[in-house]
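Everything below belongs to coords10.pdb, which stores PDB, C-alpha atoms.
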MODEL        1
ATOM      1  CA  MET A   1     -16.808-123.419-118.403
ATOM      2  CA  ALA A   2     -14.126-126.007-118.618
ATOM      3  CA  MET A   3     -13.172-127.170-122.083
ATOM      4  CA  GLN A   4     -12.684-130.790-121.227
ATOM      5  CA  ASP A   5     -16.303-131.304-120.332
ATOM      6  CA  ILE A   6     -17.344-131.277-123.944
ATOM      7  CA  LEU A   7     -14.852-134.008-124.718
ATOM      8  CA  PHE A   8     -16.313-136.124-121.966
ATOM      9  CA  GLU A   9     -19.775-135.547-123.379
ATOM     10  CA  PHE A  10     -18.764-136.624-126.871
ATOM     11  CA  LEU A  11     -16.868-139.617-125.561
ATOM     12  CA  HIS A  12     -19.835-140.667-123.488
ATOM     13  CA  HIS A  13     -22.128-140.466-126.503
ATOM     14  CA  GLU A  14     -19.676-142.514-128.524
ATOM     15  CA  ILE A  15     -19.527-145.181-125.835
ATOM     16  CA  VAL A  16     -23.300-145.411-125.686
ATOM     17  CA  SER A  17     -23.649-145.626-129.435
ATOM     18  CA  TYR A  18     -20.861-148.193-129.629
ATOM     19  CA  LEU A  19     -22.595-150.432-127.099
ATOM     20  CA  LYS A  20     -25.882-149.950-128.898
ATOM     21  CA  SER A  21     -24.330-150.985-132.192
ATOM     22  CA  LYS A  22     -23.316-154.345-130.800
ATOM     23  CA  PRO A  23     -25.769-157.191-131.290
ATOM     24  CA  ASN A  24     -26.187-157.584-127.551
ATOM     25  CA  LYS A  25     -29.291-157.600-125.496
ATOM     26  CA  GLU A  26     -30.107-154.288-123.934
ATOM     27  CA  GLU A  27     -29.579-155.596-120.405
ATOM     28  CA  GLU A  28     -26.002-156.469-121.253
ATOM     29  CA  ASP A  29     -25.345-152.988-122.599
ATOM     30  CA  VAL A  30     -26.788-151.448-119.494
ATOM     31  CA  SER A  31     -24.767-153.550-117.107
ATOM     32  CA  GLU A  32     -21.669-152.922-119.201
ATOM     33  CA  LEU A  33     -22.145-149.170-119.062
ATOM     34  CA  GLU A  34     -22.939-149.297-115.395
ATOM     35  CA  TYR A  35     -19.736-151.151-114.745
ATOM     36  CA  MET A  36     -17.679-148.644-116.711
ATOM     37  CA  GLY A  37     -19.239-145.872-114.663
ATOM     38  CA  PHE A  38     -18.508-147.772-111.492
ATOM     39  CA  ALA A  39     -14.849-148.159-112.374
ATOM     40  CA  CYS A  40     -14.503-144.456-113.157
ATOM     41  CA  GLY A  41     -16.420-143.313-110.093
ATOM     42  CA  PHE A  42     -14.431-145.539-107.800
ATOM     43  CA  ARG A  43     -11.107-144.266-109.123
ATOM     44  CA  ILE A  44     -11.912-140.614-109.402
ATOM     45  CA  VAL A  45     -13.231-140.327-105.860
ATOM     46  CA  GLU A  46     -10.081-141.898-104.570
ATOM     47  CA  ARG A  47      -8.189-138.985-106.077
ATOM     48  CA  LEU A  48     -10.645-136.227-105.266
ATOM     49  CA  THR A  49     -10.967-136.921-101.581
ATOM     50  CA  LYS A  50      -7.262-137.327-100.992
ATOM     51  CA  ASP A  51      -6.911-134.012 -99.151
ATOM     52  CA  TRP A  52     -10.455-133.823 -97.964
ATOM     53  CA  PRO A  53     -11.389-133.762 -94.274
ATOM     54  CA  ARG A  54     -12.890-137.021 -93.071
ATOM     55  CA  PHE A  55     -16.648-137.324 -93.508
ATOM     56  CA  LYS A  56     -18.582-137.628 -90.273
ATOM     57  CA  GLU A  57     -21.579-139.570 -91.446
ATOM     58  CA  GLU A  58     -23.393-140.965 -94.409
ATOM     59  CA  LEU A  59     -25.311-137.760 -95.039
ATOM     60  CA  ASP A  60     -22.073-135.789 -95.282
ATOM     61  CA  ILE A  61     -20.870-138.095 -98.001
ATOM     62  CA  LEU A  62     -24.112-137.738 -99.885
ATOM     63  CA  LYS A  63     -23.909-133.973 -99.579
ATOM     64  CA  PHE A  64     -20.395-134.014-100.925
ATOM     65  CA  LEU A  65     -21.638-136.059-103.853
ATOM     66  CA  CYS A  66     -24.497-133.678-104.595
ATOM     67  CA  THR A  67     -22.528-130.470-104.338
ATOM     68  CA  ASP A  68     -18.802-130.644-104.991
ATOM     69  CA  PHE A  69     -18.669-133.850-106.958
ATOM     70  CA  TRP A  70     -21.737-133.115-109.049
ATOM     71  CA  SER A  71     -20.888-129.522-109.790
ATOM     72  CA  SER A  72     -17.406-130.334-110.972
ATOM     73  CA  ILE A  73     -18.597-133.018-113.329
ATOM     74  CA  TYR A  74     -22.024-131.873-114.426
ATOM     75  CA  GLN A  75     -21.533-128.100-114.075
ATOM     76  CA  ARG A  76     -24.388-127.741-111.645
ATOM     77  CA  GLN A  77     -25.435-128.941-108.250
ATOM     78  CA  VAL A  78     -28.129-131.487-107.728
ATOM     79  CA  ASP A  79     -31.449-129.663-107.457
ATOM     80  CA  ASN A  80     -32.854-131.716-104.704
ATOM     81  CA  LEU A  81     -31.677-134.358-102.271
ATOM     82  CA  ARG A  82     -34.235-136.188-100.205
ATOM     83  CA  THR A  83     -33.882-138.996 -97.737
ATOM     84  CA  ASN A  84     -36.106-141.075 -95.515
ATOM     85  CA  HIS A  85     -33.258-141.430 -93.005
ATOM     86  CA  GLN A  86     -33.376-145.174 -93.473
ATOM     87  CA  GLY A  87     -30.845-145.553 -96.191
ATOM     88  CA  MET A  88     -32.930-144.300 -99.079
ATOM     89  CA  TYR A  89     -31.763-141.187-100.918
ATOM     90  CA  VAL A  90     -33.261-139.497-103.933
ATOM     91  CA  LEU A  91     -31.226-137.117-106.067
ATOM     92  CA  CYS A  92     -33.044-134.915-108.531
ATOM     93  CA  ASP A  93     -31.324-133.098-111.325
ATOM     94  CA  ASN A  94     -33.791-131.096-113.396
ATOM     95  CA  ASP A  95     -31.362-130.331-116.160
ATOM     96  CA  PHE A  96     -29.084-133.327-116.375
ATOM     97  CA  ARG A  97     -26.125-132.512-118.559
ATOM     98  CA  LEU A  98     -25.937-135.744-120.495
ATOM     99  CA  LEU A  99     -29.596-135.455-121.472
ATOM    100  CA  THR A 100     -29.989-131.763-122.290
ATOM    101  CA  LYS A 101     -28.541-132.139-125.761
ATOM    102  CA  ILE A 102     -30.681-135.145-126.627
ATOM    103  CA  SER A 103     -34.225-134.126-126.113
ATOM    104  CA  ASP A 104     -36.473-131.734-124.311
ATOM    105  CA  GLY A 105     -39.662-133.521-123.471
ATOM    106  CA  ASN A 106     -40.898-137.024-123.984
ATOM    107  CA  GLN A 107     -39.716-137.755-127.471
ATOM    108  CA  TYR A 108     -36.931-140.389-127.467
ATOM    109  CA  LEU A 109     -37.718-141.207-123.852
ATOM    110  CA  GLU A 110     -37.019-144.859-124.655
ATOM    111  CA  TYR A 111     -33.329-144.059-125.178
ATOM    112  CA  ALA A 112     -32.931-142.088-121.988
ATOM    113  CA  PRO A 113     -31.995-145.015-119.714
ATOM    114  CA  LEU A 114     -28.877-145.719-121.775
ATOM    115  CA  TYR A 115     -27.651-142.184-121.291
ATOM    116  CA  VAL A 116     -28.027-142.099-117.531
ATOM    117  CA  THR A 117     -26.711-145.566-116.759
ATOM    118  CA  PHE A 118     -23.090-144.499-116.800
ATOM    119  CA  THR A 119     -23.896-141.947-114.130
ATOM    120  CA  CYS A 120     -25.684-144.557-112.005
ATOM    121  CA  GLY A 121     -22.464-146.508-112.055
ATOM    122  CA  LEU A 122     -20.454-143.391-111.352
ATOM    123  CA  ILE A 123     -22.499-142.721-108.206
ATOM    124  CA  ARG A 124     -22.307-146.329-107.086
ATOM    125  CA  GLY A 125     -18.558-146.395-107.622
ATOM    126  CA  ALA A 126     -18.009-143.102-105.841
ATOM    127  CA  LEU A 127     -20.035-144.214-102.837
ATOM    128  CA  ALA A 128     -18.422-147.632-102.804
ATOM    129  CA  ASN A 129     -15.023-146.034-102.470
ATOM    130  CA  LEU A 130     -16.281-143.952 -99.548
ATOM    131  CA  GLY A 131     -17.511-147.058 -97.796
ATOM    132  CA  ILE A 132     -21.169-147.092 -98.733
ATOM    133  CA  THR A 133     -22.498-150.123-100.555
ATOM    134  CA  CYS A 134     -25.611-149.266-102.449
ATOM    135  CA  ILE A 135     -27.855-149.896-105.391
ATOM    136  CA  VAL A 136     -28.593-147.003-107.723
ATOM    137  CA  HIS A 137     -31.639-146.789-109.963
ATOM    138  CA  SER A 138     -32.493-143.990-112.292
ATOM    139  CA  GLU A 139     -35.822-142.648-113.420
ATOM    140  CA  VAL A 140     -36.448-140.331-116.308
ATOM    141  CA  HIS A 141     -40.003-139.147-116.752
ATOM    142  CA  SER A 142     -39.359-136.185-118.942
ATOM    143  CA  MET A 143     -35.991-135.189-120.353
ATOM    144  CA  PRO A 144     -33.748-133.518-119.374
ATOM    145  CA  ALA A 145     -34.845-134.072-115.776
ATOM    146  CA  CYS A 146     -33.520-137.160-114.101
ATOM    147  CA  ARG A 147     -33.841-138.844-110.743
ATOM    148  CA  PHE A 148     -31.421-141.201-109.066
ATOM    149  CA  ASN A 149     -32.633-143.443-106.291
ATOM    150  CA  ILE A 150     -29.923-144.652-104.000
ATOM    151  CA  GLN A 151     -30.669-147.561-101.738
ATOM    152  CA  VAL A 152     -27.938-148.067 -99.194
ATOM    153  CA  GLN A 153     -27.289-151.674 -98.253
ATOM    154  CA  LYS A 154     -26.853-152.149 -94.549
ATOM    155  CA  SER A 155     -24.356-154.813 -93.736
TER     156      SER A 155
ATOM    157  CA  MET B   1     -26.002-121.772-109.932
ATOM    158  CA  ALA B   2     -26.338-121.195-106.229
ATOM    159  CA  ARG B   3     -23.113-121.736-104.346
ATOM    160  CA  GLN B   4     -20.007-122.203-106.364
ATOM    161  CA  ALA B   5     -17.803-122.789-103.362
ATOM    162  CA  THR B   6     -16.290-126.074-104.348
ATOM    163  CA  LYS B   7     -12.784-126.786-103.257
ATOM    164  CA  LEU B   8     -12.305-129.081-106.178
ATOM    165  CA  ASP B   9     -10.499-128.010-109.285
ATOM    166  CA  THR B  10     -13.297-128.422-111.804
ATOM    167  CA  LYS B  11     -11.016-128.433-114.783
ATOM    168  CA  LYS B  12      -8.831-131.133-113.345
ATOM    169  CA  VAL B  13     -11.753-133.264-112.278
ATOM    170  CA  ASN B  14     -13.177-133.148-115.769
ATOM    171  CA  ALA B  15      -9.848-133.947-117.327
ATOM    172  CA  GLU B  16      -9.382-136.916-115.021
ATOM    173  CA  LEU B  17     -12.887-138.138-115.607
ATOM    174  CA  PHE B  18     -12.235-137.995-119.329
ATOM    175  CA  THR B  19      -8.984-139.896-118.942
ATOM    176  CA  LEU B  20     -10.575-142.559-116.775
ATOM    177  CA  THR B  21     -13.596-142.937-119.011
ATOM    178  CA  TYR B  22     -11.363-143.318-122.016
ATOM    179  CA  GLY B  23      -9.382-145.958-120.158
ATOM    180  CA  ALA B  24     -12.552-147.847-119.313
ATOM    181  CA  LEU B  25     -13.548-147.719-122.966
ATOM    182  CA  VAL B  26     -10.227-149.080-124.198
ATOM    183  CA  THR B  27     -10.432-151.875-121.642
ATOM    184  CA  ARG B  28     -13.911-152.696-122.858
ATOM    185  CA  LEU B  29     -12.813-152.785-126.487
ATOM    186  CA  LEU B  30      -9.912-155.063-125.647
ATOM    187  CA  LYS B  31     -12.374-157.489-124.111
ATOM    188  CA  ASP B  32     -14.764-157.244-127.049
ATOM    189  CA  TYR B  33     -12.319-157.744-129.886
ATOM    190  CA  GLU B  34      -9.855-160.546-130.160
ATOM    191  CA  ASN B  35      -7.719-158.753-132.656
ATOM    192  CA  ILE B  36      -5.887-155.685-131.415
ATOM    193  CA  ASP B  37      -5.923-154.134-134.877
ATOM    194  CA  ASP B  38      -9.695-154.068-134.671
ATOM    195  CA  VAL B  39      -9.470-152.190-131.397
ATOM    196  CA  ASN B  40      -7.216-149.619-133.042
ATOM    197  CA  LYS B  41      -9.669-149.275-135.905
ATOM    198  CA  GLN B  42     -12.638-148.899-133.617
ATOM    199  CA  LEU B  43     -10.880-146.209-131.581
ATOM    200  CA  GLU B  44     -10.062-144.325-134.760
ATOM    201  CA  ARG B  45     -13.675-144.538-135.875
ATOM    202  CA  MET B  46     -14.944-143.191-132.573
ATOM    203  CA  GLY B  47     -12.414-140.391-132.769
ATOM    204  CA  TYR B  48     -13.685-139.536-136.232
ATOM    205  CA  ASN B  49     -17.229-139.195-134.915
ATOM    206  CA  ILE B  50     -16.016-136.967-132.117
ATOM    207  CA  GLY B  51     -13.917-134.832-134.452
ATOM    208  CA  VAL B  52     -16.817-134.205-136.792
ATOM    209  CA  ARG B  53     -18.691-132.596-133.933
ATOM    210  CA  LEU B  54     -15.774-131.094-132.111
ATOM    211  CA  ILE B  55     -14.698-128.876-134.990
ATOM    212  CA  GLU B  56     -17.942-126.988-134.738
ATOM    213  CA  ASP B  57     -17.337-126.272-131.087
ATOM    214  CA  PHE B  58     -13.798-125.216-131.890
ATOM    215  CA  LEU B  59     -14.841-122.793-134.610
ATOM    216  CA  ALA B  60     -17.527-121.324-132.406
ATOM    217  CA  ARG B  61     -15.168-120.839-129.495
ATOM    218  CA  THR B  62     -12.170-119.472-131.306
ATOM    219  CA  ASN B  63     -13.777-117.481-134.082
ATOM    220  CA  SER B  64     -10.999-118.603-136.337
ATOM    221  CA  GLY B  65     -11.155-117.966-140.038
ATOM    222  CA  ARG B  66      -9.871-119.753-143.085
ATOM    223  CA  CYS B  67      -6.329-121.152-143.057
ATOM    224  CA  VAL B  68      -3.977-119.752-145.709
ATOM    225  CA  ASP B  69      -1.673-122.739-145.764
ATOM    226  CA  PHE B  70      -0.931-125.945-143.911
ATOM    227  CA  ARG B  71       1.379-124.137-141.497
ATOM    228  CA  ASP B  72      -1.563-122.072-140.461
ATOM    229  CA  THR B  73      -3.555-125.259-139.976
ATOM    230  CA  SER B  74      -0.830-126.736-137.828
ATOM    231  CA  GLU B  75      -1.099-123.795-135.472
ATOM    232  CA  LYS B  76      -4.842-124.235-135.266
ATOM    233  CA  ILE B  77      -4.369-127.885-134.426
ATOM    234  CA  GLN B  78      -1.878-126.950-131.754
ATOM    235  CA  GLN B  79      -4.340-124.451-130.373
ATOM    236  CA  ALA B  80      -7.060-127.096-130.318
ATOM    237  CA  PHE B  81      -4.878-129.399-128.235
ATOM    238  CA  ARG B  82      -4.267-126.542-125.859
ATOM    239  CA  THR B  83      -7.949-125.695-125.627
ATOM    240  CA  TYR B  84      -9.338-129.153-125.138
ATOM    241  CA  LEU B  85      -6.617-131.215-123.540
ATOM    242  CA  SER B  86      -4.493-128.486-121.912
ATOM    243  CA  VAL B  87      -1.327-129.812-123.486
ATOM    244  CA  PHE B  88       1.192-127.773-125.394
ATOM    245  CA  PRO B  89       2.575-129.845-128.239
ATOM    246  CA  GLN B  90       5.548-128.519-130.207
ATOM    247  CA  ILE B  91       5.292-128.253-133.965
ATOM    248  CA  THR B  92       8.451-129.554-135.627
ATOM    249  CA  ASN B  93       9.969-131.651-138.389
ATOM    250  CA  TRP B  94       8.301-130.033-141.350
ATOM    251  CA  SER B  95       8.772-131.932-144.566
ATOM    252  CA  THR B  96      10.352-129.988-147.414
ATOM    253  CA  ALA B  97       7.066-129.871-149.276
ATOM    254  CA  ASN B  98       5.405-128.331-146.228
ATOM    255  CA  ASP B  99       2.713-130.948-146.198
ATOM    256  CA  GLU B 100       3.787-132.996-143.220
ATOM    257  CA  PHE B 101       4.730-132.108-139.667
ATOM    258  CA  SER B 102       5.091-133.595-136.227
ATOM    259  CA  LEU B 103       3.507-132.679-132.956
ATOM    260  CA  ILE B 104       5.684-133.514-129.984
ATOM    261  CA  PHE B 105       3.933-134.112-126.688
ATOM    262  CA  GLU B 106       5.955-134.125-123.523
ATOM    263  CA  THR B 107       2.936-135.106-121.502
ATOM    264  CA  ASN B 108      -0.151-136.862-122.667
ATOM    265  CA  PRO B 109      -3.266-136.543-120.536
ATOM    266  CA  LEU B 110      -4.826-139.629-122.113
ATOM    267  CA  THR B 111      -2.128-141.889-120.777
ATOM    268  CA  GLU B 112      -1.725-140.312-117.380
ATOM    269  CA  PHE B 113      -2.754-143.426-115.452
ATOM    270  CA  VAL B 114      -1.800-146.012-118.018
ATOM    271  CA  GLU B 115       0.734-148.764-118.309
ATOM    272  CA  LEU B 116       0.620-151.125-121.240
ATOM    273  CA  PRO B 117       0.796-154.804-120.341
ATOM    274  CA  ASP B 118       3.139-156.919-122.456
ATOM    275  CA  HIS B 119       0.479-158.593-124.554
ATOM    276  CA  CYS B 120      -0.889-155.226-125.744
ATOM    277  CA  LEU B 121       2.191-153.879-127.457
ATOM    278  CA  ASN B 122       0.359-153.538-130.755
ATOM    279  CA  LEU B 123      -2.330-151.471-129.169
ATOM    280  CA  LYS B 124      -2.357-147.858-130.277
ATOM    281  CA  TYR B 125      -3.743-146.522-127.062
ATOM    282  CA  ASN B 126      -4.010-142.956-128.319
ATOM    283  CA  ASN B 127      -5.567-143.914-131.610
ATOM    284  CA  ILE B 128      -8.606-141.801-130.921
ATOM    285  CA  LEU B 129      -6.559-138.664-131.648
ATOM    286  CA  PRO B 130      -5.801-139.407-135.313
ATOM    287  CA  GLY B 131      -9.515-140.094-135.672
ATOM    288  CA  VAL B 132     -10.462-136.779-134.137
ATOM    289  CA  LEU B 133      -8.052-134.934-136.440
ATOM    290  CA  ARG B 134      -9.346-136.733-139.505
ATOM    291  CA  GLY B 135     -12.959-136.001-138.615
ATOM    292  CA  ALA B 136     -12.348-132.394-137.715
ATOM    293  CA  CYS B 137     -10.266-131.604-140.812
ATOM    294  CA  GLU B 138     -12.699-133.346-143.100
ATOM    295  CA  MET B 139     -15.382-130.959-141.971
ATOM    296  CA  VAL B 140     -13.247-128.050-143.139
ATOM    297  CA  GLN B 141     -12.538-129.648-146.520
ATOM    298  CA  MET B 142      -9.155-131.136-145.802
ATOM    299  CA  GLU B 143      -8.125-134.726-145.858
ATOM    300  CA  VAL B 144      -5.323-135.486-143.449
ATOM    301  CA  THR B 145      -3.883-138.667-142.095
ATOM    302  CA  SER B 146      -1.911-138.954-138.908
ATOM    303  CA  TRP B 147      -0.122-141.639-137.003
ATOM    304  CA  PHE B 148       2.104-142.037-133.975
ATOM    305  CA  VAL B 149       5.828-142.246-134.590
ATOM    306  CA  GLN B 150       6.885-142.350-130.966
ATOM    307  CA  ASP B 151       4.866-143.151-127.904
ATOM    308  CA  GLN B 152       5.776-142.690-124.264
ATOM    309  CA  LEU B 153       3.695-145.735-123.421
ATOM    310  CA  LYS B 154       6.114-147.800-125.459
ATOM    311  CA  GLY B 155       9.172-146.429-123.778
ATOM    312  CA  ASP B 156       9.973-143.450-125.998
ATOM    313  CA  ASN B 157      10.960-140.150-124.430
ATOM    314  CA  VAL B 158       8.201-138.180-126.018
ATOM    315  CA  THR B 159       5.004-138.887-127.886
ATOM    316  CA  GLU B 160       5.205-137.848-131.514
ATOM    317  CA  LEU B 161       2.191-137.515-133.737
ATOM    318  CA  ARG B 162       2.925-137.123-137.425
ATOM    319  CA  ILE B 163       0.300-135.344-139.487
ATOM    320  CA  LYS B 164       0.170-135.399-143.279
ATOM    321  CA  PHE B 165      -1.922-133.308-145.590
ATOM    322  CA  VAL B 166      -3.441-135.531-148.259
ATOM    323  CA  LYS B 167      -5.667-133.345-150.364
ATOM    324  CA  LYS B 168      -8.196-130.616-150.385
ATOM    325  CA  LEU B 169     -11.726-131.909-150.546
ATOM    326  CA  GLU B 170     -14.010-130.245-153.014
ATOM    327  CA  ASP B 171     -17.618-129.704-152.204
ATOM    328  CA  ALA B 172     -19.520-132.403-153.979
ATOM    329  CA  ILE B 173     -22.780-131.161-155.370
ATOM    330  CA  PRO B 174     -25.555-133.691-154.857
ATOM    331  CA  VAL B 175     -26.742-135.377-158.029
ATOM    332  CA  GLY B 176     -29.533-133.522-159.775
ATOM    333  CA  GLU B 177     -28.724-130.121-158.325
ATOM    334  CA  ASP B 178     -26.926-127.299-160.015
TER     335      ASP B 178
ENDMDL
END

Kindly return the structure encoded in the file as C-alpha cells.
Amino acid sequence: MAMQDILFEFLHHEIVSYLKSKPNKEEEDVSELEYMGFACGFRIVERLTKDWPRFKEELDILKFLCTDFWSSIYQRQVDNLRTNHQGMYVLCDNDFRLLTKISDGNQYLEYAPLYVTFTCGLIRGALANLGITCIVHSEVHSMPACRFNIQVQKS
Amino acid sequence: MARQATKLDTKKVNAELFTLTYGALVTRLLKDYENIDDVNKQLERMGYNIGVRLIEDFLARTNSGRCVDFRDTSEKIQQAFRTYLSVFPQITNWSTANDEFSLIFETNPLTEFVELPDHCLNLKYNNILPGVLRGACEMVQMEVTSWFVQDQLKGDNVTELRIKFVKKLEDAIPVGED
C-alpha cells in the first residue's frame, strides 16, 4: 500500500471540515468541493494518459476510469459499471475509500454527500480532459457503498 | 482485488493527486482570505490536525520506540518525510545546545507544479508542514516549532526547514483525578 494515500485522505478530510466550518450555505460548499475535484481530475488525467494508447470509444475511457484510474487512487477497482448505451453510466463502489473510515451503516448518512463530492468532481474533470462532457451525481444509501451516476452530454 | 494489472505507477499517481489537491486547497484559501497571513495560519492549523492523526499511523507502521534525545527525534522526522513524501531531507546545522536543526530539501513534492505569482510573495506555500510537525510531536509530548528559512519557490537553491525543540510536555492530569 502506498504511503501517500493516507496523506491524501487526511488532506481531503481537512478540506471538507474547513469548508464546513465556513458560514456558507451547504450548496456553496458542495459546488466548491466539486470544483476542486474537477481541477485535480482534469490535471492528473492529462499527466496519466500521456503515454497511453489512444482510446477507441467512450466505453474504453470509462473502463480506464474504473480500473486503472480508480485502483491507483482508491486502492481498488470499481465493483460494477453499468450503462444503458445511451450516455448513462453507473459506477458502484461498495467500499469507497473516503467513506470507510467514517461510518459503516446509516449513521451520519447526512454527512456522506460532502465526502463524495470531491470525487464527483474528480470524475467529471478526468472525463472532461478526455473529451467527454458530463454531469456526475452521487448516491449514498448505506456507507461505505457509493454510486456515481454519469450522464454524458451529447453535443 | 481482482486484476492488479495497471500500467500506472500507483505511488506516483497518489503523490501527484496529493500535490494537486493541496494546490487546489491553497488556491481556495487565497480566494477566501484577503490577508495572506491568515492563509498561512489556516494552512498551519490544517497541518496540525493532520499531524495529530498522522503520528499514530507513523508509530504503527514503524514500530519505533521512545527517542533518547532530540537527535534521535530528528532522525525519526527524517524517516517520516521519507515514508510519506518520498523525499530525503538532510539533517544539518545543529545548534550548539542540540535543540535546533535544519532539514534541507533538494526537491519538494508539494511544490512540484507550483510557481508563485508576484502578489503572493508573503505566502508560505509549504506552511502545512510546520503544522504537521507541531501536531505530530505534540502527541508524543514534545513541543516544537518550525519555520522555513529558505524556499525554492522564492528563488533559493534549496528549501530549508528549521526545527526547534521548545519543551517537553508533561501529562496533565484532569482536575479531580489522582

For this session: Define the interface residues of chain A facing chain B as those within 10 Å, counting only C-alpha atoms, and report them as a ChimeraX atom specification.
Result: /A:1-15,17-19,22,32-33,35-41,43-45,47-49,52,64,67-69,71-77,79,118

Any chance you could export the current selection's C-alpha atoms as a PDB file, in the frame of the given file?
ATOM      1  CA  MET A   1     -16.808-123.419-118.403  1.00  0.00           C
ATOM      2  CA  ALA A   2     -14.126-126.007-118.618  1.00  0.00           C
ATOM      3  CA  MET A   3     -13.172-127.170-122.083  1.00  0.00           C
ATOM      4  CA  GLN A   4     -12.684-130.790-121.227  1.00  0.00           C
ATOM      5  CA  ASP A   5     -16.303-131.304-120.332  1.00  0.00           C
ATOM      6  CA  ILE A   6     -17.344-131.277-123.944  1.00  0.00           C
ATOM      7  CA  LEU A   7     -14.852-134.008-124.718  1.00  0.00           C
ATOM      8  CA  PHE A   8     -16.313-136.124-121.966  1.00  0.00           C
ATOM      9  CA  GLU A   9     -19.775-135.547-123.379  1.00  0.00           C
ATOM     10  CA  PHE A  10     -18.764-136.624-126.871  1.00  0.00           C
ATOM     11  CA  LEU A  11     -16.868-139.617-125.561  1.00  0.00           C
ATOM     12  CA  HIS A  12     -19.835-140.667-123.488  1.00  0.00           C
ATOM     13  CA  HIS A  13     -22.128-140.466-126.503  1.00  0.00           C
ATOM     14  CA  GLU A  14     -19.676-142.514-128.524  1.00  0.00           C
ATOM     15  CA  ILE A  15     -19.527-145.181-125.835  1.00  0.00           C
ATOM     16  CA  SER A  17     -23.649-145.626-129.435  1.00  0.00           C
ATOM     17  CA  TYR A  18     -20.861-148.193-129.629  1.00  0.00           C
ATOM     18  CA  LEU A  19     -22.595-150.432-127.099  1.00  0.00           C
ATOM     19  CA  LYS A  22     -23.316-154.345-130.800  1.00  0.00           C
ATOM     20  CA  GLU A  32     -21.669-152.922-119.201  1.00  0.00           C
ATOM     21  CA  LEU A  33     -22.145-149.170-119.062  1.00  0.00           C
ATOM     22  CA  TYR A  35     -19.736-151.151-114.745  1.00  0.00           C
ATOM     23  CA  MET A  36     -17.679-148.644-116.711  1.00  0.00           C
ATOM     24  CA  GLY A  37     -19.239-145.872-114.663  1.00  0.00           C
ATOM     25  CA  PHE A  38     -18.508-147.772-111.492  1.00  0.00           C
ATOM     26  CA  ALA A  39     -14.849-148.159-112.374  1.00  0.00           C
ATOM     27  CA  CYS A  40     -14.503-144.456-113.157  1.00  0.00           C
ATOM     28  CA  GLY A  41     -16.420-143.313-110.093  1.00  0.00           C
ATOM     29  CA  ARG A  43     -11.107-144.266-109.123  1.00  0.00           C
ATOM     30  CA  ILE A  44     -11.912-140.614-109.402  1.00  0.00           C
ATOM     31  CA  VAL A  45     -13.231-140.327-105.860  1.00  0.00           C
ATOM     32  CA  ARG A  47      -8.189-138.985-106.077  1.00  0.00           C
ATOM     33  CA  LEU A  48     -10.645-136.227-105.266  1.00  0.00           C
ATOM     34  CA  THR A  49     -10.967-136.921-101.581  1.00  0.00           C
ATOM     35  CA  TRP A  52     -10.455-133.823 -97.964  1.00  0.00           C
ATOM     36  CA  PHE A  64     -20.395-134.014-100.925  1.00  0.00           C
ATOM     37  CA  THR A  67     -22.528-130.470-104.338  1.00  0.00           C
ATOM     38  CA  ASP A  68     -18.802-130.644-104.991  1.00  0.00           C
ATOM     39  CA  PHE A  69     -18.669-133.850-106.958  1.00  0.00           C
ATOM     40  CA  SER A  71     -20.888-129.522-109.790  1.00  0.00           C
ATOM     41  CA  SER A  72     -17.406-130.334-110.972  1.00  0.00           C
ATOM     42  CA  ILE A  73     -18.597-133.018-113.329  1.00  0.00           C
ATOM     43  CA  TYR A  74     -22.024-131.873-114.426  1.00  0.00           C
ATOM     44  CA  GLN A  75     -21.533-128.100-114.075  1.00  0.00           C
ATOM     45  CA  ARG A  76     -24.388-127.741-111.645  1.00  0.00           C
ATOM     46  CA  GLN A  77     -25.435-128.941-108.250  1.00  0.00           C
ATOM     47  CA  ASP A  79     -31.449-129.663-107.457  1.00  0.00           C
ATOM     48  CA  PHE A 118     -23.090-144.499-116.800  1.00  0.00           C
TER      49      PHE A 118
END

Exercise. Applied to this file, what does the PyMOL selection byres ((chain B and resi 79) around 12) return in terms of residues, put as a ChimeraX atom specification?
Worked result: /B:58-59,61-62,64,72-78,80-91,103

Exercise. Do you know which residues the PyMOL selection byres ((chain B and resi 121-126) around 8) returns on this file, as an NGL selection string?
Worked result: :B and (26 or 36-37 or 39-40 or 110-111 or 116-120 or 127-129 or 154)

Problem set entry | Shell around Lys20 (chain A) at 9 Å using all atoms listed in the file, local window under 4 positions removed, as a list in words | Ile15, Val16, Asn24, Glu26, Asp29 and Leu114 of chain A

Go ahead and write the selection's residues with C-alpha atoms as a PDB file, in the coordinates of the input.
ATOM      1  CA  ILE A  15     -19.527-145.181-125.835  1.00  0.00           C
ATOM      2  CA  VAL A  16     -23.300-145.411-125.686  1.00  0.00           C
ATOM      3  CA  ASN A  24     -26.187-157.584-127.551  1.00  0.00           C
ATOM      4  CA  GLU A  26     -30.107-154.288-123.934  1.00  0.00           C
ATOM      5  CA  ASP A  29     -25.345-152.988-122.599  1.00  0.00           C
ATOM      6  CA  LEU A 114     -28.877-145.719-121.775  1.00  0.00           C
TER       7      LEU A 114
END

Exercise. Hey, can you check how far CA of Glu139 (chain A) sits from CA of Phe42 (chain A)?
Worked result: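 About the pair CA of Glu139 (chain A) and CA of Phe42 (chain A): they are 22.3 Å apart.
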
Exercise. At a cut-off of 12 Å from (-0.7, -126.1, -143.0) in the coordinates of the file, what residues are picked up using all atoms listed in the file, written as number ranges by chain?
Worked result: B: 66-78, 91, 94-95, 97-102, 137, 142-144, 163-168

I'd like the box whose edges run along x, y and z of the file and which contains every listed atom of region 8-15 of chain B, padded by 6 Å per side; could you state its centre and edge lengths in Å, one decimal, as AutoDock Vina command-line options?
--center_x -11.1 --center_y -131.0 --center_z -111.8 --size_x 16.5 --size_y 17.9 --size_z 23.1

Problem set entry | From A:Leu98, A:Leu65, A:Met88, A:Leu81, residue lying nearest Gln151 (chain A) [all atoms listed in the file] | A:Met88

Exercise. How would you write, as a list in words, the residues chosen by the PyMOL selection byres ((chain B and resi 151) around 10) on this structure?
Worked result: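 Those residues are Ile104, Phe105, Asn108, Lys124, Tyr125, Asn126, Phe148, Val149, Gln150, Gln152, Leu153, Lys154, Gly155, Asp156, Asn157, Val158, Thr159, Glu160 and Leu161 of chain B.
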